[in-house]
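structure.txt (compact mmCIF, C-alpha atoms)
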```txt
# COMPACT_ATOMS: atom_id res chain seq x y z
CA MET A 47 66.74 -15.39 -54.10
CA PRO A 48 67.35 -11.72 -53.34
CA SER A 49 69.47 -9.86 -55.83
CA LEU A 50 72.90 -8.45 -55.03
CA ARG A 51 71.37 -4.99 -55.22
CA ASP A 52 68.69 -5.93 -52.68
CA ILE A 53 71.28 -7.21 -50.24
CA ARG A 54 73.50 -4.16 -50.68
CA SER A 55 70.53 -1.92 -50.00
CA HIS A 56 69.63 -3.92 -46.90
CA ILE A 57 73.19 -3.63 -45.60
CA ARG A 58 73.09 0.13 -46.15
CA SER A 59 69.88 0.60 -44.24
CA VAL A 60 70.95 -1.53 -41.27
CA THR A 61 74.26 0.32 -41.13
CA GLY A 62 72.35 3.62 -41.11
CA ILE A 63 70.10 2.46 -38.31
CA SER A 64 73.05 1.24 -36.27
CA GLN A 65 74.57 4.73 -36.44
CA VAL A 66 71.39 6.13 -34.91
CA ILE A 67 71.50 3.36 -32.30
CA HIS A 68 75.09 4.18 -31.36
CA ALA A 69 74.23 7.87 -31.03
CA MET A 70 71.28 7.10 -28.77
CA GLU A 71 73.43 4.87 -26.61
CA ALA A 72 76.01 7.63 -26.24
CA VAL A 73 73.45 10.34 -25.42
CA SER A 74 71.64 8.16 -22.87
CA SER A 75 74.90 7.17 -21.25
CA VAL A 76 76.09 10.76 -20.91
CA THR A 77 72.70 11.95 -19.63
CA ALA A 78 72.64 9.25 -16.95
CA HIS A 79 76.14 10.23 -15.90
CA ARG A 80 75.30 13.95 -15.72
CA MET A 81 72.25 13.31 -13.59
CA GLN A 82 74.33 11.81 -10.81
CA GLU A 83 75.25 15.18 -9.30
CA ARG A 84 71.63 16.33 -9.31
CA LEU A 85 70.63 13.06 -7.69
CA ASP A 86 73.24 13.55 -4.98
CA ASN A 87 72.02 17.09 -4.27
CA SER A 88 68.41 15.99 -4.12
CA ILE A 89 69.34 13.13 -1.79
CA ALA A 90 71.19 15.57 0.49
CA TYR A 91 68.11 17.83 0.68
CA THR A 92 65.60 14.98 1.07
CA ASP A 93 67.58 13.13 3.74
CA SER A 94 68.04 16.34 5.75
CA ALA A 95 64.37 17.27 5.46
CA TRP A 96 63.33 13.79 6.64
CA ARG A 97 65.75 14.01 9.54
CA MET A 98 64.30 17.36 10.63
CA LEU A 99 60.79 15.97 10.40
CA GLY A 100 61.91 13.02 12.50
CA LEU A 101 63.11 15.40 15.17
CA LEU A 102 59.71 17.06 15.28
CA ALA A 103 57.90 13.72 15.21
CA SER A 104 59.74 12.59 18.31
CA LEU A 105 58.01 15.30 20.31
CA ASP A 106 54.83 14.21 22.05
CA ASP A 107 53.07 17.27 20.70
CA PRO A 108 49.43 16.76 19.65
CA ASP A 109 49.61 19.58 17.06
CA VAL A 110 52.61 17.93 15.44
CA THR A 111 51.04 14.48 15.51
CA SER A 112 47.79 15.66 13.97
CA SER A 113 49.68 17.46 11.18
CA LEU A 114 51.72 14.37 10.42
CA ALA A 115 48.86 11.91 10.54
CA PRO A 116 45.62 13.73 9.85
CA GLU A 117 42.31 11.99 10.22
CA THR A 118 41.55 10.26 6.93
CA SER A 119 38.47 8.23 7.76
CA GLY A 120 35.96 8.38 4.97
CA ALA A 121 38.52 7.94 2.24
CA GLY A 122 38.71 4.15 2.62
CA ASP A 123 41.92 3.15 0.93
CA ARG A 124 41.51 5.39 -2.11
CA THR A 125 44.97 6.22 -3.42
CA CYS A 126 46.48 8.94 -5.54
CA LEU A 127 49.14 7.13 -7.59
CA LEU A 128 51.75 8.91 -9.70
CA LEU A 129 53.06 6.61 -12.44
CA VAL A 130 56.47 7.66 -13.75
CA THR A 131 57.65 6.18 -17.05
CA SER A 132 59.58 7.42 -20.06
CA SER A 133 57.98 9.14 -23.01
CA ARG A 134 60.32 7.87 -25.70
CA GLY A 135 60.30 4.24 -24.73
CA MET A 136 63.10 1.94 -25.94
CA THR A 137 64.04 1.15 -22.37
CA GLY A 138 64.21 -2.60 -22.82
CA GLY A 139 61.14 -3.50 -20.80
CA GLN A 140 61.69 -1.11 -17.91
CA ASP A 141 58.56 0.95 -18.58
CA GLN A 142 56.48 -2.22 -18.82
CA SER A 143 57.79 -3.40 -15.46
CA VAL A 144 56.79 -0.17 -13.72
CA ILE A 145 53.37 -0.19 -15.35
CA ARG A 146 52.89 -3.78 -14.20
CA VAL A 147 53.76 -3.11 -10.55
CA ALA A 148 51.52 -0.04 -10.59
CA LEU A 149 48.56 -2.04 -11.92
CA GLU A 150 49.13 -4.85 -9.41
CA TYR A 151 49.17 -2.28 -6.61
CA ALA A 152 45.99 -0.66 -7.90
CA GLN A 153 44.19 -4.00 -8.10
CA GLY A 154 44.78 -4.58 -4.42
CA LEU A 155 42.85 -1.47 -3.41
CA ALA A 156 39.16 -1.66 -2.67
CA ASP A 157 38.44 2.01 -3.23
CA GLY A 158 40.49 2.42 -6.34
CA VAL A 159 43.19 4.70 -7.61
CA GLU A 160 43.37 8.18 -9.04
CA PHE A 161 46.15 7.92 -11.60
CA HIS A 162 48.53 10.71 -12.47
CA THR A 163 51.28 10.18 -15.03
CA ILE A 164 54.65 11.50 -15.99
CA GLY A 165 55.72 9.97 -19.30
CA SER A 166 53.55 8.98 -22.23
CA GLN A 167 54.47 5.28 -22.09
CA GLY A 168 52.54 4.97 -18.84
CA HIS A 169 49.87 7.44 -19.92
CA SER A 170 49.13 5.45 -23.10
CA ALA A 171 49.22 2.12 -21.30
CA LEU A 172 46.58 3.25 -18.81
CA LEU A 173 44.30 4.81 -21.43
CA HIS A 174 44.68 1.66 -23.52
CA ARG A 175 43.27 -0.34 -20.61
CA GLY A 176 40.38 2.03 -20.22
CA LEU A 177 41.72 3.50 -16.98
CA PRO A 178 41.14 7.23 -16.57
CA VAL A 179 44.13 9.47 -15.93
CA ALA A 180 43.38 12.50 -13.76
CA ALA A 181 46.40 14.48 -14.92
CA ASP A 182 49.42 13.99 -17.15
CA TRP A 183 52.53 15.91 -16.14
CA SER A 184 54.68 14.72 -19.04
CA GLN A 185 55.82 18.23 -19.91
CA LEU A 186 58.44 17.83 -17.17
CA SER A 187 61.80 17.08 -18.72
CA SER A 188 64.85 15.46 -17.19
CA HIS A 189 65.99 18.99 -16.30
CA VAL A 190 63.13 19.21 -13.81
CA GLN A 191 63.87 21.54 -10.88
CA MET A 192 62.37 20.99 -7.48
CA ASP A 193 60.02 23.97 -7.72
CA GLU A 194 58.45 22.50 -10.88
CA ILE A 195 57.23 19.63 -8.72
CA ALA A 196 55.28 21.98 -6.42
CA PRO A 197 51.97 21.79 -8.34
CA ILE A 198 51.97 17.99 -8.10
CA SER A 199 52.96 17.75 -4.46
CA THR A 200 50.59 20.56 -3.45
CA TYR A 201 47.71 18.76 -5.14
CA MET A 202 48.61 15.50 -3.41
CA LEU A 203 48.93 17.06 0.02
CA ARG A 204 45.69 18.98 -0.33
CA GLY A 205 43.84 15.88 -1.49
CA TYR A 206 45.25 13.93 1.45
CA ARG A 207 44.29 16.63 3.96
CA ASP A 208 40.81 17.05 2.42
CA ARG A 209 40.33 13.26 2.69
CA ALA A 210 39.95 12.76 -1.06
CA PHE A 211 42.68 10.13 -0.67
CA ALA A 212 43.78 7.97 2.22
CA GLN A 213 47.14 7.35 0.57
CA VAL A 214 49.52 8.95 -1.89
CA ALA A 215 52.01 6.71 -3.70
CA ILE A 216 54.45 6.84 -6.59
CA ALA A 217 55.31 4.04 -9.04
CA TYR A 218 58.74 4.47 -10.60
CA THR A 219 62.10 2.82 -11.20
CA GLN A 220 64.36 3.23 -8.20
CA TYR A 221 67.93 4.25 -8.80
CA ARG A 222 69.45 4.85 -5.38
CA ASP A 223 72.35 2.67 -4.27
CA GLY A 224 71.21 -0.74 -3.26
CA ALA A 225 68.04 -0.55 -5.31
CA ARG A 226 69.28 0.06 -8.81
CA LEU A 227 66.67 -0.15 -11.55
CA LYS A 228 64.03 -1.68 -9.33
CA PRO A 229 60.40 -1.03 -10.32
CA THR A 230 58.74 0.08 -7.10
CA VAL A 231 55.57 1.47 -5.67
CA ARG A 232 56.46 3.70 -2.78
CA ARG A 233 53.90 5.10 -0.39
CA LEU A 234 54.55 8.78 0.40
CA LEU A 235 51.50 9.54 2.54
CA PRO A 236 50.70 8.67 5.28
CA LEU A 237 54.26 9.44 6.26
CA ASP A 238 56.47 6.79 7.71
CA VAL A 239 58.50 9.13 9.86
CA ALA A 240 61.32 7.57 11.84
CA ARG A 241 61.28 9.38 15.14
CA THR A 242 64.76 10.65 15.75
CA PRO A 243 65.85 9.82 19.26
CA ARG A 244 66.58 13.20 20.80
CA LEU A 245 69.48 13.10 23.13
CA ARG A 246 69.15 16.65 24.26
CA GLN A 247 66.62 19.42 24.43
CA PHE A 248 66.09 21.15 21.10
CA TYR A 249 65.03 24.72 20.57
CA PHE A 250 62.27 24.88 17.97
CA GLU A 251 61.77 28.31 16.41
CA PRO A 252 59.12 29.68 16.17
CA ASP A 253 57.34 26.51 17.41
CA ALA A 254 57.08 22.85 16.49
CA ALA A 255 53.64 23.08 14.88
CA THR A 256 54.66 25.89 12.50
CA LEU A 257 57.83 24.03 11.59
CA VAL A 258 55.90 20.88 10.76
CA ASP A 259 53.33 22.76 8.68
CA THR A 260 56.11 24.38 6.65
CA LEU A 261 58.39 21.35 6.47
CA LEU A 262 55.80 18.76 5.49
CA PRO A 263 55.08 20.18 2.01
CA ARG A 264 58.85 20.43 1.42
CA VAL A 265 59.40 16.84 2.48
CA LEU A 266 56.74 15.63 0.07
CA GLN A 267 57.93 17.89 -2.73
CA SER A 268 61.53 16.76 -2.40
CA ALA A 269 60.53 13.10 -2.14
CA VAL A 270 58.58 13.33 -5.40
CA HIS A 271 61.39 15.32 -7.03
CA LEU A 272 63.96 12.71 -6.02
CA ALA A 273 61.80 9.85 -7.29
CA VAL A 274 61.35 11.63 -10.63
CA LEU A 275 65.12 12.23 -10.92
CA GLU A 276 65.74 8.56 -10.10
CA ALA A 277 63.23 7.52 -12.74
CA PHE A 278 64.87 9.75 -15.38
CA SER A 279 68.29 8.34 -14.51
CA ALA A 280 66.97 4.79 -14.67
CA GLU A 281 65.34 5.52 -18.02
CA ASN A 282 68.63 6.68 -19.51
CA VAL A 283 70.60 3.76 -18.12
CA ALA A 284 68.02 1.28 -19.45
CA ARG A 285 68.01 2.97 -22.84
CA ALA A 286 71.80 2.89 -23.05
CA VAL A 287 71.76 -0.85 -22.30
CA ALA A 288 68.94 -1.49 -24.77
CA MET A 289 70.72 0.49 -27.49
CA ARG A 290 74.00 -1.33 -26.78
CA SER A 291 72.17 -4.61 -27.25
CA ALA A 292 70.38 -3.39 -30.38
CA GLY A 293 73.70 -2.20 -31.75
CA THR A 294 75.22 -5.63 -31.24
CA ASN A 295 72.26 -7.23 -33.01
CA ALA A 296 72.61 -4.80 -35.88
CA GLN A 297 76.30 -5.66 -36.15
CA GLU A 298 75.52 -9.38 -36.29
CA LEU A 299 72.86 -8.76 -38.91
CA VAL A 300 75.27 -6.81 -41.07
CA GLU A 301 77.81 -9.63 -40.87
CA HIS A 302 75.14 -12.17 -41.75
CA LEU A 303 74.10 -10.04 -44.72
CA ARG A 304 77.70 -9.67 -45.91
CA LEU A 305 78.11 -13.43 -45.82
CA ASN A 306 74.90 -13.74 -47.80
CA TYR A 307 76.14 -11.17 -50.25
CA ASN A 308 79.37 -13.06 -50.86
CA LYS A 309 77.59 -16.37 -51.16
CA THR A 310 75.15 -14.89 -53.64
CA ARG A 311 78.00 -13.34 -55.59
CA GLN A 312 79.77 -16.73 -55.75
CA GLN A 313 76.58 -18.39 -56.91
CA THR A 314 76.12 -15.77 -59.58
CA ILE A 315 79.68 -16.24 -60.81
CA THR A 316 79.30 -20.03 -60.74
CA ALA A 317 76.03 -19.79 -62.66
CA GLU A 318 77.65 -17.55 -65.27
CA MET A 319 80.61 -19.91 -65.59
CA ASN A 320 78.22 -22.83 -66.06
CA GLU A 321 76.42 -20.92 -68.76
CA VAL A 322 79.65 -20.10 -70.56
CA SER A 323 81.00 -23.64 -70.28
CA SER A 324 77.76 -25.28 -71.40
CA ALA A 325 77.56 -22.82 -74.31
CA LEU A 326 81.17 -23.73 -75.23
CA SER A 327 80.56 -27.46 -74.89
CA LEU A 328 77.50 -27.14 -77.12
CA GLU A 329 79.65 -25.37 -79.72
CA ASN A 330 82.38 -28.00 -79.44
CA GLY A 331 79.92 -30.81 -79.37
CA SER A 332 78.26 -29.88 -82.61
CA MET B 58 84.72 36.49 -3.96
CA ALA B 59 83.13 38.86 -1.48
CA ASP B 60 85.64 40.15 0.97
CA GLY B 61 83.58 39.99 4.12
CA ALA B 62 84.93 40.00 7.64
CA LYS B 63 87.91 37.70 7.88
CA PRO B 64 88.01 35.57 11.01
CA ALA B 65 90.44 36.52 13.74
CA PRO B 66 93.77 34.70 13.42
CA GLY B 67 93.76 31.41 15.28
CA THR B 68 90.00 30.94 14.92
CA GLU B 69 89.30 27.38 13.99
CA ALA B 70 86.69 26.32 11.50
CA ARG B 71 84.96 23.87 13.80
CA LEU B 72 81.49 23.96 12.33
CA ASP B 73 80.54 21.35 9.74
CA VAL B 74 78.23 23.23 7.39
CA THR B 75 75.94 22.04 4.61
CA VAL B 76 73.78 24.48 2.64
CA VAL B 77 71.55 22.87 0.06
CA THR B 78 68.52 23.59 -2.11
CA GLY B 79 66.56 20.84 -3.84
CA ASP B 80 68.76 21.29 -6.89
CA ARG B 81 72.11 22.61 -5.75
CA MET B 82 74.70 21.98 -3.08
CA LEU B 83 75.86 25.45 -2.18
CA TYR B 84 78.28 24.81 0.65
CA HIS B 85 79.66 21.65 2.16
CA GLY B 86 82.60 22.03 4.47
CA PRO B 87 84.07 23.55 7.60
CA ALA B 88 83.25 27.04 8.82
CA VAL B 89 83.99 29.34 11.71
CA ALA B 90 80.48 30.77 12.10
CA LEU B 91 77.17 31.01 10.27
CA THR B 92 74.55 33.76 10.38
CA ALA B 93 71.04 33.00 9.21
CA PRO B 94 67.79 35.00 8.93
CA ALA B 95 65.48 33.12 11.28
CA VAL B 96 61.87 34.30 11.50
CA GLN B 97 62.36 35.36 15.10
CA GLY B 98 65.50 37.29 14.29
CA THR B 99 68.97 36.86 12.87
CA VAL B 100 70.83 34.01 14.52
CA THR B 101 74.58 33.56 14.58
CA ILE B 102 75.83 30.06 15.14
CA ARG B 103 79.24 29.30 16.58
CA PRO B 104 80.69 26.06 17.94
CA HIS B 105 78.87 24.60 20.93
CA HIS B 106 75.59 26.22 19.95
CA ALA B 107 72.56 24.64 21.60
CA PRO B 108 70.59 22.22 19.42
CA LEU B 109 68.26 24.24 17.24
CA LEU B 110 65.73 23.82 14.47
CA ALA B 111 64.54 27.16 13.14
CA LEU B 112 62.37 28.45 10.34
CA LEU B 113 64.07 30.95 8.06
CA GLN B 114 62.61 34.02 6.39
CA PRO B 115 63.93 35.64 3.20
CA GLY B 116 67.20 37.36 3.99
CA GLU B 117 70.95 37.16 4.13
CA LEU B 118 72.96 34.04 4.95
CA ASP B 119 76.63 34.48 5.86
CA ILE B 120 79.22 31.78 6.30
CA VAL B 121 82.54 32.78 7.82
CA HIS B 122 85.38 30.45 6.91
CA GLN B 123 89.16 30.63 6.92
CA GLN B 124 89.37 32.47 3.61
CA GLY B 125 86.70 35.04 4.36
CA THR B 126 82.92 35.22 4.25
CA ASP B 127 80.46 33.87 1.69
CA THR B 128 77.12 35.63 1.44
CA TRP B 129 73.88 34.36 -0.06
CA ALA B 130 70.37 35.67 -0.47
CA VAL B 131 68.02 32.92 0.66
CA GLY B 132 64.29 32.89 0.06
CA GLY B 133 63.35 31.02 3.20
CA GLY B 134 63.86 27.53 4.54
CA PHE B 135 65.21 25.85 7.67
CA VAL B 136 68.38 25.73 9.72
CA GLU B 137 69.29 22.83 11.99
CA VAL B 138 72.16 22.83 14.46
CA VAL B 139 73.28 19.75 16.35
CA ASP B 140 76.76 18.95 17.67
CA ASP B 141 78.49 21.61 15.57
CA ALA B 142 76.86 20.24 12.40
CA VAL B 143 74.82 22.95 10.70
CA THR B 144 72.40 22.16 7.88
CA VAL B 145 70.57 24.87 5.97
CA LEU B 146 67.74 23.76 3.71
CA ALA B 147 67.09 26.78 1.52
CA ASP B 148 64.01 27.21 -0.65
CA THR B 149 66.07 29.36 -3.00
CA ALA B 150 69.64 30.63 -2.70
CA GLU B 151 71.87 32.86 -4.73
CA ARG B 152 75.40 34.02 -4.12
CA ALA B 153 75.53 37.76 -3.60
CA GLU B 154 77.83 38.09 -6.62
CA GLU B 155 75.37 36.21 -8.83
CA ILE B 156 72.62 38.76 -8.35
CA ASP B 157 72.19 41.35 -11.07
CA LEU B 158 71.20 44.32 -8.95
CA ARG B 159 69.69 46.38 -11.76
CA ARG B 160 67.49 43.49 -12.91
CA ALA B 161 66.44 42.67 -9.37
CA GLU B 162 65.37 46.28 -8.79
CA ASP B 163 63.47 46.32 -12.09
CA ASP B 164 61.72 43.05 -11.20
CA LEU B 165 60.66 44.42 -7.85
CA GLU B 166 59.34 47.63 -9.39
CA ARG B 167 57.42 45.70 -12.02
CA ALA B 168 55.87 43.40 -9.41
CA ARG B 169 54.80 46.40 -7.33
CA LEU B 170 53.24 48.16 -10.33
CA LEU B 171 51.40 45.02 -11.39
CA ALA B 172 50.03 44.62 -7.90
CA LYS B 173 48.80 48.20 -7.90
CA ARG B 174 47.08 47.94 -11.26
CA HIS B 175 45.43 44.56 -10.84
CA GLU B 176 43.82 43.37 -7.70
CA ILE B 177 45.49 40.23 -6.44
CA ARG B 178 43.23 37.31 -5.66
CA ALA B 179 43.18 36.38 -2.00
CA GLU B 180 44.81 32.99 -2.47
CA LEU B 181 47.68 34.54 -4.43
CA GLN B 182 48.29 37.30 -1.92
CA ALA B 183 50.56 35.20 0.28
CA ALA B 184 52.62 34.06 -2.70
CA HIS B 185 52.86 37.65 -3.91
CA ASP B 186 54.02 38.87 -0.50
CA LEU B 187 56.63 36.14 -0.32
CA ALA B 188 57.88 37.02 -3.79
CA LEU B 189 58.24 40.66 -2.75
CA ARG B 190 60.11 39.75 0.43
CA ARG B 191 62.46 37.50 -1.49
CA SER B 192 63.03 40.22 -4.05
CA ARG B 193 63.87 42.75 -1.34
CA ALA B 194 66.24 40.30 0.32
CA ARG B 195 68.07 39.74 -2.97
CA ILE B 196 68.42 43.46 -3.53
CA ALA B 197 69.66 44.07 0.00
CA VAL B 198 72.27 41.34 -0.30
CA ALA B 199 73.39 42.53 -3.73
CA ARG B 200 73.73 46.14 -2.55
CA LYS B 201 75.76 45.12 0.47
CA ALA B 202 78.06 43.03 -1.70
CA LEU B 203 78.62 45.98 -4.02
CA GLN B 204 79.48 48.24 -1.09
CA ARG B 205 82.03 45.77 0.17
CA GLY B 206 83.45 45.52 -3.33
CA SER B 207 84.02 42.12 -4.95
```

Could you show the structure in this file as structure tokens?
Amino acid sequence: MPSLRDIRSHIRSVTGISQVIHAMEAVSSVTAHRMQERLDNSIAYTDSAWRMLGLLASLDDPDVTSSLAPETSGAGDRTCLLLVTSSRGMTGGQDQSVIRVALEYAQGLADGVEFHTIGSQGHSALLHRGLPVAADWSQLSSHVQMDEIAPISTYMLRGYRDRAFAQVAIAYTQYRDGARLKPTVRRLLPLDVARTPRLRQFYFEPDAATLVDTLLPRVLQSAVHLAVLEAFSAENVARAVAMRSAGTNAQELVEHLRLNYNKTRQQTITAEMNEVSSALSLENGS
Amino acid sequence: MADGAKPAPGTEARLDVTVVTGDRMLYHGPAVALTAPAVQGTVTIRPHHAPLLALLQPGELDIVHQQGTDTWAVGGGFVEVVDDAVTVLADTAERAEEIDLRRAEDDLERARLLAKRHEIRAELQAAHDLALRRSRARIAVARKALQRGS
């Protein structure tokens, strides 16, 4: 039977841990909330860029078409896949879900995947399974600005154009309305451009081909940036929920321990009383 | 705020303008007119402008609204006009008032000296040129804002 001191010490340590848990819940909650504005701005940019690309795609211009869908024969179905997870973990299974959908996607490809990672949860999981990781971009924080994404998106676009990959995709947790916290693999290249129906004649300055060549890298860059912001938001929401749940468990444990403590105390008192009374009865008896 | 040209009385703000970078929403609301640095020349957009999608070069972006004119230095990007809705996707954008003129001039001077001393690799030349153009645009916008007096 644990001593009163042991139980007291246990209660102290769980109480200490639950303070850390509460702090983490608060920080994650506030971070998720603060990211909303950045998400909205990124969505505004990304949606506009896609719309402009759609305008260009609706032209029957061979230069535009070949820029949007370059010849990729020879690459099979080899895919460059960016896996976005958290680094700290404690997201209540969210990281594992994204890793799982990424692996399922990779298994379905005959010519394999070149993995890139943001977040050491994913990075470790891949290495643990003996899968090589071409590059880890985990130095990006949740403050990531769009121009910090340029090295990644430039690499992807170049690899796609040079036929090193037939596809570029990103595995992450979606956070846009209607798809909250959904682990997803989204294909970025080849582009799925919705041709905008043009009602009237547009002026394209300087010319459609130049616009496409300049816009395409921006479209990809902003799409990756938005996905990364969504993933960071999702991470913080999941962590807040996980910490809330852990906090509740800690609370229940403390109550259970207090009950134990009181029971043990009662037993100790009863045992002492028995000792005293049996000592007395021995005295009286003799 | 910069006291640029105020619109003539009775001019309505009929344009619906959005100016955004990947990280910031810079303007979202009605305007009277917008002037942007397109690669083929400065373009001023007023209501009933023909549908347009244009590439922007580093330069000055002006938005005329009922309270005056807002000026930004943009580093490049795109402008789209359709049905009086104007969207500017800027690679970089700073309000004229945000620019520290002295620092911008120092940065430009330093970049020029560095370029003179060390030969720039071919693949970095384009990036270097763009950086210089953006720097000059920032300085021009900041100087103009100072002249107008904020």

Could you list, as number ranges by chain, the residues of chain B having an atom within 6 Å of chain A when counting all atoms listed in the file? B: 79-82, 108-111

Neighbouring residues of region 157-172 of chain A were defined as those with any atom within 9 Å, considering only C-alpha atoms; residues of the same chain fewer than 6 positions away were excluded. Please report them as a ChimeraX atom specification. /A:121-135,141-142,144-145,149,178-186,211,274

Write out as a ChimeraX atom specification the residues lying within 7 Å of Ser279 (chain A), counting only C-alpha atoms and excluding same-chain residues fewer than 4 positions away. /A:78,81,275,283

To one decimal place in Å, what is the distance between CA of Met289 (chain A) and CA of Tyr307 (chain A)? 26.1 Å

Which residues are near Met136 (chain A)? Cut-off 10 Å, all atoms listed in the file, ignore same chain within fewer than 4 positions. Put them as JSON, numbers by chain. {"A": [132, 140, 141, 281, 282, 284, 285, 286, 287, 288, 289]}

Please write the residues from the selection above to a file, keeping C-alpha atoms, as a PDB file, in the coordinates of the input.
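Here's the written file part.pdb:
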```pdb
ATOM      1  CA  SER A 132      59.580   7.420 -20.060  1.00  0.00           C
ATOM      2  CA  GLN A 140      61.690  -1.110 -17.910  1.00  0.00           C
ATOM      3  CA  ASP A 141      58.560   0.950 -18.580  1.00  0.00           C
ATOM      4  CA  GLU A 281      65.340   5.520 -18.020  1.00  0.00           C
ATOM      5  CA  ASN A 282      68.630   6.680 -19.510  1.00  0.00           C
ATOM      6  CA  ALA A 284      68.020   1.280 -19.450  1.00  0.00           C
ATOM      7  CA  ARG A 285      68.010   2.970 -22.840  1.00  0.00           C
ATOM      8  CA  ALA A 286      71.800   2.890 -23.050  1.00  0.00           C
ATOM      9  CA  VAL A 287      71.760  -0.850 -22.300  1.00  0.00           C
ATOM     10  CA  ALA A 288      68.940  -1.490 -24.770  1.00  0.00           C
ATOM     11  CA  MET A 289      70.720   0.490 -27.490  1.00  0.00           C
TER      12      MET A 289
END
```

Please indicate the distance in Å from CA of Ala115 (chain A) to CA of Val270 (chain A), rounded to one decimal place.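 Distance reported for this atom pair: 18.7 Å.
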
What does the structure give for the distance between CA of Leu146 (chain B) and CA of Ala188 (chain B), in Å to one decimal? 18.1 Å

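Residues in contact range of Arg152 (chain B), defined as at most 10 Å between all atoms listed in the file, with sequence neighbours fewer than 4 positions away removed, read Met58, Ala59, Leu83, Glu117, Leu118, Asp127, Thr128, Trp129, Ala130, Val131, Ile156, Arg195, Val198, Ala199 and Ala202 of chain B.
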
Would you kindly return, as a compact mmCIF listing (two decimals) with C-alpha atoms, in the frame of the given file, each protein, DNA or RNA residue with an atom no farther than 12 Å from any atom of Leu187 (chain B), considering all atoms listed in the file and excluding same-chain residues fewer than 6 positions away?
```txt
# COMPACT_ATOMS: atom_id res chain seq x y z
CA GLN B 114 62.61 34.02 6.39
CA PRO B 115 63.93 35.64 3.20
CA GLY B 116 67.20 37.36 3.99
CA VAL B 131 68.02 32.92 0.66
CA GLY B 132 64.29 32.89 0.06
CA GLY B 133 63.35 31.02 3.20
CA ASP B 148 64.01 27.21 -0.65
CA THR B 149 66.07 29.36 -3.00
CA LEU B 165 60.66 44.42 -7.85
CA ALA B 168 55.87 43.40 -9.41
CA LEU B 181 47.68 34.54 -4.43
CA ARG B 193 63.87 42.75 -1.34
CA ALA B 194 66.24 40.30 0.32
```
